[in-house]
file run32.cif (mmCIF, C-alpha atoms)
data_query
loop_
_atom_site.label_atom_id
_atom_site.label_comp_id
_atom_site.auth_asym_id
_atom_site.auth_seq_id
_atom_site.Cartn_x
_atom_site.Cartn_y
_atom_site.Cartn_z
CA PHE A 28 -27.91 12.15 -38.99
CA LEU A 29 -27.36 8.43 -38.44
CA ASP A 30 -26.83 7.91 -42.17
CA MET A 31 -23.91 10.35 -41.99
CA LEU A 32 -22.11 8.49 -39.21
CA GLU A 33 -19.36 6.07 -40.17
CA VAL A 34 -18.78 3.34 -37.61
CA LEU A 35 -15.03 3.00 -37.11
CA SER A 36 -15.13 0.29 -34.46
CA THR A 37 -17.40 -1.37 -31.93
CA VAL A 38 -16.31 -3.39 -28.90
CA LYS A 39 -18.24 -4.94 -26.05
CA ALA A 40 -17.40 -3.94 -22.47
CA PHE A 41 -19.28 -4.57 -19.21
CA ASP A 42 -22.32 -5.81 -21.21
CA GLY A 43 -22.42 -2.51 -23.08
CA THR A 44 -20.89 -1.26 -26.31
CA LEU A 45 -18.15 1.27 -27.02
CA THR A 46 -18.49 2.60 -30.55
CA ARG A 47 -16.28 5.11 -32.36
CA TYR A 48 -17.97 7.19 -35.05
CA ALA A 49 -16.68 9.59 -37.71
CA PHE A 50 -18.59 12.19 -39.70
CA ASP A 51 -18.07 15.40 -41.67
CA SER A 52 -18.74 18.19 -39.21
CA LYS A 53 -20.24 21.40 -40.60
CA THR A 54 -19.29 23.22 -37.42
CA LEU A 55 -15.63 22.22 -37.55
CA ASN A 56 -15.40 22.07 -41.35
CA SER A 57 -13.48 18.84 -40.99
CA ARG A 58 -14.03 15.17 -40.43
CA THR A 59 -14.25 14.42 -36.73
CA VAL A 60 -14.35 11.37 -34.50
CA PHE A 61 -16.25 10.78 -31.28
CA ALA A 62 -16.97 7.75 -29.14
CA VAL A 63 -20.08 6.61 -27.29
CA PHE A 64 -20.40 4.00 -24.57
CA LEU A 65 -23.91 2.60 -24.19
CA PRO A 66 -24.52 0.61 -20.98
CA ASN A 67 -26.60 -2.07 -22.72
CA ASP A 68 -26.18 -3.34 -26.27
CA ALA A 69 -29.95 -3.93 -26.52
CA PRO A 70 -31.41 -1.01 -24.59
CA SER A 71 -35.11 -0.75 -23.80
CA GLU A 72 -34.81 2.90 -22.80
CA LYS A 73 -32.92 6.06 -23.63
CA PHE A 74 -29.96 6.72 -21.40
CA PRO A 75 -29.05 10.13 -19.98
CA ALA A 76 -25.97 11.69 -21.55
CA LEU A 77 -22.67 12.30 -19.79
CA TYR A 78 -20.16 14.25 -21.88
CA TYR A 79 -16.46 13.87 -21.12
CA LEU A 80 -14.05 16.49 -22.49
CA SER A 81 -10.39 15.49 -22.68
CA GLY A 82 -7.25 17.53 -22.17
CA LEU A 83 -4.31 18.73 -24.24
CA THR A 84 -2.94 16.27 -26.84
CA CYS A 85 -5.74 13.77 -26.18
CA THR A 86 -8.32 12.16 -28.43
CA ASP A 87 -11.53 10.34 -27.58
CA GLU A 88 -9.49 7.20 -26.86
CA ASN A 89 -7.55 8.35 -23.81
CA VAL A 90 -10.45 8.22 -21.39
CA SER A 91 -12.06 5.12 -22.88
CA GLN A 92 -8.79 3.19 -22.58
CA LYS A 93 -7.30 4.66 -19.40
CA GLY A 94 -10.08 6.43 -17.50
CA CYS A 95 -11.70 3.32 -15.97
CA ALA A 96 -15.10 4.88 -16.66
CA LEU A 97 -17.04 2.19 -18.50
CA ARG A 98 -17.91 -0.14 -15.62
CA ALA A 99 -19.42 2.67 -13.55
CA CYS A 100 -21.39 4.00 -16.52
CA ALA A 101 -22.71 0.50 -17.20
CA GLU A 102 -23.73 0.02 -13.57
CA ARG A 103 -25.43 3.41 -13.30
CA GLY A 104 -27.11 3.32 -16.71
CA VAL A 105 -25.47 6.44 -18.14
CA ALA A 106 -24.27 6.91 -21.73
CA LEU A 107 -20.73 8.32 -21.94
CA ILE A 108 -19.97 10.60 -24.90
CA MET A 109 -16.33 11.37 -25.73
CA PRO A 110 -15.52 13.92 -28.46
CA ASP A 111 -12.08 14.78 -29.79
CA THR A 112 -10.21 17.79 -28.39
CA SER A 113 -10.08 19.81 -31.62
CA PRO A 114 -10.75 19.70 -35.34
CA ARG A 115 -8.14 17.73 -37.27
CA GLY A 116 -6.95 17.23 -40.83
CA ASP A 117 -4.49 18.48 -43.39
CA ASP A 118 -6.60 21.58 -44.06
CA VAL A 119 -6.91 22.50 -40.37
CA PRO A 120 -4.35 25.08 -39.16
CA ASN A 121 -1.81 23.50 -36.87
CA GLU A 122 1.33 24.28 -34.91
CA ASP A 123 4.20 22.07 -33.80
CA SER A 124 3.22 22.51 -30.17
CA TYR A 125 1.37 20.32 -27.66
CA ASP A 126 -0.56 23.21 -26.11
CA PHE A 127 -2.10 24.86 -29.15
CA ALA A 128 -4.06 24.10 -32.36
CA GLN A 129 -4.74 20.44 -33.21
CA GLY A 130 -5.27 18.55 -29.97
CA ALA A 131 -5.83 21.83 -28.12
CA GLY A 132 -9.09 23.41 -29.23
CA PHE A 133 -9.93 24.77 -25.75
CA TYR A 134 -13.67 24.21 -26.28
CA LEU A 135 -14.33 27.72 -27.60
CA ASP A 136 -15.39 29.25 -30.91
CA ALA A 137 -12.43 31.04 -32.50
CA THR A 138 -12.96 34.47 -33.98
CA GLU A 139 -9.50 35.05 -35.45
CA ALA A 140 -8.23 33.87 -38.84
CA PRO A 141 -7.09 31.32 -39.76
CA TYR A 142 -8.60 29.46 -36.80
CA ASP A 143 -12.19 30.69 -37.02
CA ARG A 144 -13.12 28.38 -39.91
CA HIS A 145 -12.40 25.18 -37.97
CA TYR A 146 -11.84 25.79 -34.26
CA ASN A 147 -15.44 25.87 -33.04
CA MET A 148 -15.42 23.20 -30.36
CA TYR A 149 -17.86 25.12 -28.15
CA SER A 150 -20.64 25.04 -30.74
CA PHE A 151 -19.72 21.52 -31.76
CA THR A 152 -19.98 20.21 -28.19
CA LEU A 153 -23.12 22.14 -27.38
CA GLU A 154 -25.10 21.78 -30.61
CA GLU A 155 -23.77 19.53 -33.37
CA LEU A 156 -22.60 16.64 -31.22
CA PRO A 157 -25.96 16.27 -29.41
CA SER A 158 -27.68 16.35 -32.81
CA ALA A 159 -25.46 13.49 -33.96
CA LEU A 160 -26.68 11.46 -30.99
CA ASN A 161 -30.39 11.85 -31.75
CA GLU A 162 -30.71 8.51 -33.53
CA LEU A 163 -29.01 6.65 -30.69
CA PRO A 164 -30.76 5.53 -27.48
CA ILE A 165 -29.59 8.65 -25.67
CA ASP A 166 -31.77 11.33 -24.09
CA THR A 167 -29.74 14.49 -24.67
CA THR A 168 -32.30 16.55 -22.74
CA ARG A 169 -30.94 14.85 -19.60
CA ALA A 170 -27.25 15.63 -19.63
CA SER A 171 -24.23 16.36 -17.46
CA ILE A 172 -20.67 17.27 -18.38
CA PHE A 173 -17.16 16.77 -17.02
CA GLY A 174 -13.56 16.79 -18.17
CA HIS A 175 -9.85 16.78 -17.41
CA SER A 176 -7.40 19.71 -17.53
CA MET A 177 -8.27 21.68 -20.70
CA GLY A 178 -11.40 19.54 -20.80
CA GLY A 179 -12.21 20.53 -17.23
CA HIS A 180 -12.01 24.14 -18.37
CA GLY A 181 -14.34 23.25 -21.22
CA ALA A 182 -16.85 21.49 -18.98
CA LEU A 183 -16.98 24.31 -16.44
CA THR A 184 -17.33 27.09 -18.99
CA ILE A 185 -19.90 25.29 -21.13
CA ALA A 186 -22.01 24.41 -18.09
CA LEU A 187 -21.82 27.89 -16.57
CA LYS A 188 -22.98 29.46 -19.83
CA ASN A 189 -25.75 26.90 -20.36
CA PRO A 190 -27.18 25.93 -16.95
CA GLU A 191 -30.46 24.84 -18.50
CA ARG A 192 -28.65 22.16 -20.51
CA PHE A 193 -26.75 20.34 -17.76
CA GLN A 194 -27.76 18.82 -14.46
CA SER A 195 -24.24 18.79 -12.99
CA VAL A 196 -20.63 19.58 -13.86
CA SER A 197 -17.31 18.29 -12.60
CA ALA A 198 -13.63 18.51 -13.44
CA PHE A 199 -10.32 16.80 -12.82
CA ALA A 200 -7.50 19.36 -12.45
CA PRO A 201 -9.17 22.02 -14.62
CA VAL A 202 -7.47 25.00 -16.25
CA SER A 203 -9.52 27.31 -14.08
CA ASN A 204 -8.29 30.83 -14.85
CA PRO A 205 -6.88 30.88 -18.41
CA THR A 206 -6.96 34.67 -18.79
CA ALA A 207 -4.62 35.12 -15.82
CA SER A 208 -1.14 36.45 -16.50
CA ASP A 209 0.37 33.36 -14.85
CA CYS A 210 -1.46 30.82 -17.06
CA PRO A 211 0.71 30.37 -20.18
CA TRP A 212 -1.54 27.71 -21.73
CA GLY A 213 -4.60 29.91 -21.50
CA ARG A 214 -2.95 33.16 -22.55
CA LYS A 215 -1.45 31.56 -25.64
CA ALA A 216 -4.66 29.90 -26.79
CA LEU A 217 -7.04 32.77 -26.03
CA THR A 218 -4.80 35.32 -27.72
CA ALA A 219 -4.53 33.26 -30.89
CA TYR A 220 -8.14 32.08 -31.07
CA LEU A 221 -9.86 35.26 -29.86
CA GLY A 222 -7.34 38.03 -30.56
CA SER A 223 -6.71 38.88 -26.91
CA ALA A 224 -6.60 37.11 -23.56
CA ASP A 225 -7.82 40.30 -21.85
CA SER A 226 -11.04 40.88 -23.80
CA ALA A 227 -14.61 40.31 -22.70
CA ALA A 228 -14.74 37.39 -25.13
CA ALA A 229 -11.76 35.79 -23.41
CA LYS A 230 -13.26 36.27 -19.96
CA ALA A 231 -16.38 34.51 -21.24
CA CYS A 232 -14.09 31.50 -21.79
CA ASP A 233 -12.61 31.61 -18.29
CA ALA A 234 -14.39 29.58 -15.60
CA THR A 235 -13.26 31.83 -12.75
CA GLU A 236 -14.40 35.00 -14.52
CA LEU A 237 -17.68 33.35 -15.50
CA MET A 238 -18.31 32.32 -11.92
CA LYS A 239 -17.88 35.94 -10.87
CA SER A 240 -20.37 37.14 -13.48
CA VAL A 241 -23.01 34.40 -13.73
CA GLY A 242 -22.28 32.02 -10.85
CA LYS A 243 -24.92 33.46 -8.55
CA SER A 244 -27.62 32.11 -10.87
CA PHE A 245 -25.92 28.73 -11.44
CA ASN A 246 -27.62 26.26 -9.11
CA LYS A 247 -26.30 22.93 -10.35
CA PRO A 248 -23.84 20.78 -8.32
CA ILE A 249 -20.12 21.24 -9.00
CA LEU A 250 -17.30 18.83 -8.12
CA ILE A 251 -13.56 19.43 -8.65
CA ASP A 252 -10.73 17.04 -7.83
CA GLN A 253 -7.09 18.16 -7.89
CA GLY A 254 -3.85 16.29 -7.28
CA ALA A 255 -1.50 18.10 -4.88
CA ALA A 256 1.55 16.63 -6.66
CA ASP A 257 0.35 17.85 -10.06
CA SER A 258 3.24 19.77 -11.66
CA PHE A 259 0.72 22.12 -13.31
CA TYR A 260 -1.30 22.80 -10.16
CA ALA A 261 0.43 26.08 -9.26
CA THR A 262 1.68 27.00 -12.74
CA GLN A 263 -1.37 26.54 -15.04
CA LEU A 264 -4.48 25.34 -13.21
CA TYR A 265 -5.33 27.44 -10.09
CA PRO A 266 -8.60 25.68 -9.14
CA GLU A 267 -8.83 27.55 -5.83
CA ARG A 268 -9.41 30.77 -7.74
CA PHE A 269 -12.59 29.23 -9.13
CA VAL A 270 -13.61 27.97 -5.70
CA ASN A 271 -12.98 31.39 -4.14
CA ALA A 272 -15.00 33.09 -6.87
CA ALA A 273 -17.86 30.67 -6.19
CA GLU A 274 -17.74 31.35 -2.46
CA ALA A 275 -17.85 35.09 -3.16
CA VAL A 276 -21.19 34.73 -4.98
CA GLY A 277 -22.60 32.19 -2.52
CA ARG A 278 -22.22 29.15 -4.73
CA ASP A 279 -21.11 25.82 -3.26
CA VAL A 280 -18.32 23.83 -4.90
CA THR A 281 -17.10 20.46 -3.66
CA PHE A 282 -13.32 20.81 -3.98
CA ARG A 283 -11.03 17.95 -3.00
CA LEU A 284 -7.23 18.20 -2.93
CA HIS A 285 -5.48 14.82 -2.95
CA ASP A 286 -1.97 14.39 -1.59
CA GLY A 287 0.51 12.59 -3.83
CA TYR A 288 -1.58 12.54 -7.03
CA ASP A 289 -0.28 14.04 -10.28
CA HIS A 290 -1.96 15.20 -13.51
CA SER A 291 -2.10 11.83 -15.26
CA TYR A 292 -4.82 9.29 -15.89
CA TYR A 293 -3.61 7.42 -12.81
CA PHE A 294 -5.16 10.34 -10.91
CA VAL A 295 -8.22 10.59 -13.15
CA SER A 296 -8.98 6.88 -13.01
CA THR A 297 -8.64 6.81 -9.21
CA PHE A 298 -11.54 9.22 -8.75
CA MET A 299 -13.52 8.46 -11.91
CA ASN A 300 -16.15 6.38 -10.11
CA ASP A 301 -16.83 9.28 -7.72
CA HIS A 302 -17.50 11.59 -10.66
CA ILE A 303 -19.78 9.17 -12.47
CA ASP A 304 -21.73 8.53 -9.27
CA PHE A 305 -21.96 12.31 -8.75
CA HIS A 306 -23.43 12.82 -12.21
CA ALA A 307 -25.65 9.73 -12.13
CA LYS A 308 -27.28 11.02 -8.96
CA ALA A 309 -27.91 14.42 -10.59
CA LEU A 310 -29.37 12.61 -13.61
CA GLY A 311 -31.71 10.55 -11.46
CA ARG A 312 -29.93 7.23 -11.95
#

call {"tool": "encode", "arguments": {"input": "run32.cif", "output": "structure tokens"}}
result
Amino acid sequence: FLDMLEVLSTVKAFDGTLTRYAFDSKTLNSRTVFAVFLPNDAPSEKFPALYYLSGLTCTDENVSQKGCALRACAERGVALIMPDTSPRGDDVPNEDSYDFAQGAGFYLDATEAPYDRHYNMYSFTLEELPSALNELPIDTTRASIFGHSMGGHGALTIALKNPERFQSVSAFAPVSNPTASDCPWGRKALTAYLGSADSAAAKACDATELMKSVGKSFNKPILIDQGAADSFYATQLYPERFVNAAEAVGRDVTFRLHDGYDHSYYFVSTFMNDHIDFHAKALGR
């Protein structure tokens, strides 16, 4: 796989390296970009993997430039993997909208034309991306996952459906109940990608619904941070619904509501170290 990866850039940070790669994804049927931060530019071991999934309109660069994550990953000895938020390219269906299509893949596998050929971010994140990391000093068998907003939705749903693959999961301001009638982002995306936001397939892409159905058997630690001044908190996100669903099946969730914080990377960066420490502990670092 390493021969297929094009190195777009490499920079040194905190005695580690941040490298952006591009390759032709068979899962997305498009060229895609992802970034990897390795804590040491001459590693003597394989680092555990921490996947970060970004939110609407973002690319891999938002968190690497604004998330203040690299120092903590360097100190804890954890590799940070940052994929894009959707397939991209002239041949990839798109819409002139920030909350759908390119930049808004919702970390699911689309079943509806014309999106089903390219919009397969669930399988990409779970299968093809780890395969692309095999030649790097990363132990993908030791992994955790987290994300922001749409990416928080992605992290929660991917972890809940694959508990054997992840040691922990966390989210900043996640879209927690996208099938709900009062979640316009989720309803729009699930209807277009899956044909309906009310189907069983849609509920399998909803963290709150998944917690109700499979949460009892999910025994990995969960952390969620939410800003109380987030303009999307009570109009798109609804993290308490996820927390309540977890309580109903006897599953613990660490949920923290922070006065004054909004939805931006000022919020994310404030609590980033807490999340990396949370995952590093679960990964034995």

call {"tool": "atom_distance", "arguments": {"input": "run32.cif", "atom1": "CA of Asp279 in chain A", "atom2": "CA of Ile249 in chain A"}}
result
7.4 Å

call {"tool": "residues_around", "arguments": {"input": "run32.cif", "residues": "range 217-225 of chain A", "least_positions_apart": "4", "cutoff": "9 Å", "atoms": "all atoms listed in the file", "output": "ChimeraX atom specification"}}
result
/A:127,132-133,135-143,146,205-208,212-213,229-230,232

call {"tool": "residues_around", "arguments": {"input": "run32.cif", "residues": "range 59-65 of chain A", "least_positions_apart": "5", "cutoff": "10 Å", "atoms": "all atoms listed in the file", "output": "PyMOL selection string"}}
result
chain A and resi 32-53+70+73-74+76-78+86-88+91+96-97+100-101+104-116+156+159-160+163-165

call {"tool": "atom_distance", "arguments": {"input": "run32.cif", "atom1": "CA of Val276 in chain A", "atom2": "CA of Phe245 in chain A"}}
result
10.0 Å

call {"tool": "atom_distance", "arguments": {"input": "run32.cif", "atom1": "CA of His290 in chain A", "atom2": "CA of Arg268 in chain A"}}
result
18.2 Å

call {"tool": "closest_residue", "arguments": {"input": "run32.cif", "among": "A:Arg58, A:His180, A:Arg103, A:Lys93", "to": "Thr297 in chain A", "atoms": "only C-alpha atoms"}}
result
A:Lys93

call {"tool": "closest_residue", "arguments": {"input": "run32.cif", "among": "A:Pro190, A:Pro266, A:Gly174, A:Pro248", "to": "Ala234 in chain A", "atoms": "only C-alpha atoms"}}
result
A:Pro266

call {"tool": "closest_residue", "arguments": {"input": "run32.cif", "among": "A:Glu155, A:Asp252, A:Glu267, A:Glu191", "to": "Thr168 in chain A", "atoms": "all atoms listed in the file"}}
result
A:Glu191

call {"tool": "residues_around", "arguments": {"input": "run32.cif", "residues": "Asp257 in chain A", "least_positions_apart": "6", "cutoff": "10 Å", "atoms": "all atoms listed in the file", "output": "list of chain:residue names"}}
result
A:Ala200, A:Leu264, A:His285, A:Asp286, A:Gly287, A:Tyr288, A:Asp289, A:His290, A:Ser291, A:Phe294

call {"tool": "residues_around", "arguments": {"input": "run32.cif", "residues": "Tyr293 in chain A", "least_positions_apart": "6", "cutoff": "12 Å", "atoms": "all atoms listed in the file", "output": "short mmCIF file (atom, residue, chain, number, x, y, z; two decimals) with C-alpha atoms, in the frame of the given file"}}
result
data_model
loop_
_atom_site.label_atom_id
_atom_site.label_comp_id
_atom_site.auth_asym_id
_atom_site.auth_seq_id
_atom_site.Cartn_x
_atom_site.Cartn_y
_atom_site.Cartn_z
CA ASN A 89 -7.55 8.35 -23.81
CA VAL A 90 -10.45 8.22 -21.39
CA GLN A 92 -8.79 3.19 -22.58
CA LYS A 93 -7.30 4.66 -19.40
CA GLY A 94 -10.08 6.43 -17.50
CA CYS A 95 -11.70 3.32 -15.97
CA PHE A 199 -10.32 16.80 -12.82
CA GLY A 254 -3.85 16.29 -7.28
CA ASP A 257 0.35 17.85 -10.06
CA GLY A 287 0.51 12.59 -3.83
CA MET A 299 -13.52 8.46 -11.91
#

call {"tool": "closest_residue", "arguments": {"input": "run32.cif", "among": "A:Val295, A:Phe305, A:Gln129, A:Arg312", "to": "His145 in chain A", "atoms": "all atoms listed in the file"}}
result
A:Gln129

call {"tool": "residues_near_point", "arguments": {"input": "run32.cif", "point": "(-31.5, 17.1, -10.3)", "cutoff": "9 Å", "atoms": "all atoms listed in the file", "output": "MDAnalysis selection string"}}
result
chainID A and resid 194:195 247:248 308:311

call {"tool": "closest_residue", "arguments": {"input": "run32.cif", "among": "A:Pro157, A:Tyr149, A:Asn189, A:Gln263", "to": "Asp126 in chain A", "atoms": "only C-alpha atoms"}}
result
A:Gln263

call {"tool": "residues_around", "arguments": {"input": "run32.cif", "residues": "Leu83 in chain A", "least_positions_apart": "3", "cutoff": "7 Å", "atoms": "all atoms listed in the file", "output": "short mmCIF file (atom, residue, chain, number, x, y, z; two decimals) with C-alpha atoms, in the coordinates of the input"}}
result
data_model
loop_
_atom_site.label_atom_id
_atom_site.label_comp_id
_atom_site.auth_asym_id
_atom_site.auth_seq_id
_atom_site.Cartn_x
_atom_site.Cartn_y
_atom_site.Cartn_z
CA TYR A 125 1.37 20.32 -27.66
CA ASP A 126 -0.56 23.21 -26.11
CA GLY A 130 -5.27 18.55 -29.97
CA ALA A 131 -5.83 21.83 -28.12
CA MET A 177 -8.27 21.68 -20.70
#

call {"tool": "closest_residue", "arguments": {"input": "run32.cif", "among": "A:Ala128, A:Leu55, A:Ile303, A:Val202", "to": "Glu154 in chain A", "atoms": "only C-alpha atoms"}}
result
A:Leu55

call {"tool": "resolve_selection", "arguments": {"input": "run32.cif", "expression": "the PyMOL selection byres ((chain A and resi 242) around 12)", "output": "NGL selection string"}}
result
:A and (183-184 or 186-190 or 234-241 or 243-249 or 269-280)

call {"tool": "resolve_selection", "arguments": {"input": "run32.cif", "expression": "the PyMOL selection byres ((chain A and resi 175) around 6)", "output": "list in words"}}
result
Ser81, Gly82, Gly174, Ser176, Gly178, Gly179, Ala198, Phe199 and Pro201 of chain A

call {"tool": "build_atoms", "arguments": {"input": "run32.cif", "residues": "range 51-65 of chain A", "atoms": "N, CA, C and O atoms", "output": "PDB file, in the coordinates of the input"}}
result
ATOM      1  N   ASP A  51     -18.527  14.100 -41.172  1.00  0.00           N
ATOM      2  CA  ASP A  51     -18.070  15.400 -41.670  1.00  0.00           C
ATOM      3  C   ASP A  51     -18.827  16.492 -40.924  1.00  0.00           C
ATOM      4  O   ASP A  51     -20.026  16.696 -41.139  1.00  0.00           O
ATOM      5  N   SER A  52     -18.123  17.172 -40.042  1.00  0.00           N
ATOM      6  CA  SER A  52     -18.740  18.190 -39.210  1.00  0.00           C
ATOM      7  C   SER A  52     -18.846  19.516 -39.955  1.00  0.00           C
ATOM      8  O   SER A  52     -17.844  20.044 -40.449  1.00  0.00           O
ATOM      9  N   LYS A  53     -20.047  20.071 -40.007  1.00  0.00           N
ATOM     10  CA  LYS A  53     -20.240  21.400 -40.600  1.00  0.00           C
ATOM     11  C   LYS A  53     -19.729  22.494 -39.677  1.00  0.00           C
ATOM     12  O   LYS A  53     -19.329  23.559 -40.128  1.00  0.00           O
ATOM     13  N   THR A  54     -19.751  22.225 -38.379  1.00  0.00           N
ATOM     14  CA  THR A  54     -19.290  23.220 -37.420  1.00  0.00           C
ATOM     15  C   THR A  54     -17.770  23.347 -37.431  1.00  0.00           C
ATOM     16  O   THR A  54     -17.229  24.454 -37.333  1.00  0.00           O
ATOM     17  N   LEU A  55     -17.094  22.227 -37.568  1.00  0.00           N
ATOM     18  CA  LEU A  55     -15.630  22.220 -37.550  1.00  0.00           C
ATOM     19  C   LEU A  55     -15.027  22.276 -38.950  1.00  0.00           C
ATOM     20  O   LEU A  55     -13.811  22.458 -39.096  1.00  0.00           O
ATOM     21  N   ASN A  56     -15.879  22.119 -39.967  1.00  0.00           N
ATOM     22  CA  ASN A  56     -15.400  22.070 -41.350  1.00  0.00           C
ATOM     23  C   ASN A  56     -14.264  21.066 -41.504  1.00  0.00           C
ATOM     24  O   ASN A  56     -13.246  21.327 -42.163  1.00  0.00           O
ATOM     25  N   SER A  57     -14.454  19.923 -40.904  1.00  0.00           N
ATOM     26  CA  SER A  57     -13.480  18.840 -40.990  1.00  0.00           C
ATOM     27  C   SER A  57     -14.165  17.547 -40.579  1.00  0.00           C
ATOM     28  O   SER A  57     -15.246  17.562 -39.987  1.00  0.00           O
ATOM     29  N   ARG A  58     -13.524  16.451 -40.895  1.00  0.00           N
ATOM     30  CA  ARG A  58     -14.030  15.170 -40.430  1.00  0.00           C
ATOM     31  C   ARG A  58     -13.620  15.018 -38.973  1.00  0.00           C
ATOM     32  O   ARG A  58     -12.493  15.335 -38.584  1.00  0.00           O
ATOM     33  N   THR A  59     -14.540  14.538 -38.157  1.00  0.00           N
ATOM     34  CA  THR A  59     -14.250  14.420 -36.730  1.00  0.00           C
ATOM     35  C   THR A  59     -14.674  13.053 -36.223  1.00  0.00           C
ATOM     36  O   THR A  59     -15.513  12.376 -36.828  1.00  0.00           O
ATOM     37  N   VAL A  60     -14.087  12.658 -35.114  1.00  0.00           N
ATOM     38  CA  VAL A  60     -14.350  11.370 -34.500  1.00  0.00           C
ATOM     39  C   VAL A  60     -14.851  11.585 -33.080  1.00  0.00           C
ATOM     40  O   VAL A  60     -14.381  12.476 -32.368  1.00  0.00           O
ATOM     41  N   PHE A  61     -15.826  10.804 -32.680  1.00  0.00           N
ATOM     42  CA  PHE A  61     -16.250  10.780 -31.280  1.00  0.00           C
ATOM     43  C   PHE A  61     -16.611   9.355 -30.915  1.00  0.00           C
ATOM     44  O   PHE A  61     -16.840   8.507 -31.783  1.00  0.00           O
ATOM     45  N   ALA A  62     -16.634   9.087 -29.626  1.00  0.00           N
ATOM     46  CA  ALA A  62     -16.970   7.750 -29.140  1.00  0.00           C
ATOM     47  C   ALA A  62     -18.162   7.813 -28.210  1.00  0.00           C
ATOM     48  O   ALA A  62     -18.390   8.822 -27.533  1.00  0.00           O
ATOM     49  N   VAL A  63     -18.913   6.735 -28.167  1.00  0.00           N
ATOM     50  CA  VAL A  63     -20.080   6.610 -27.290  1.00  0.00           C
ATOM     51  C   VAL A  63     -20.043   5.253 -26.614  1.00  0.00           C
ATOM     52  O   VAL A  63     -19.885   4.223 -27.281  1.00  0.00           O
ATOM     53  N   PHE A  64     -20.196   5.249 -25.300  1.00  0.00           N
ATOM     54  CA  PHE A  64     -20.400   4.000 -24.570  1.00  0.00           C
ATOM     55  C   PHE A  64     -21.858   3.926 -24.153  1.00  0.00           C
ATOM     56  O   PHE A  64     -22.361   4.807 -23.454  1.00  0.00           O
ATOM     57  N   LEU A  65     -22.541   2.861 -24.593  1.00  0.00           N
ATOM     58  CA  LEU A  65     -23.910   2.600 -24.190  1.00  0.00           C
ATOM     59  C   LEU A  65     -23.919   1.455 -23.186  1.00  0.00           C
ATOM     60  O   LEU A  65     -23.308   0.410 -23.435  1.00  0.00           O
TER      61      LEU A  65
END
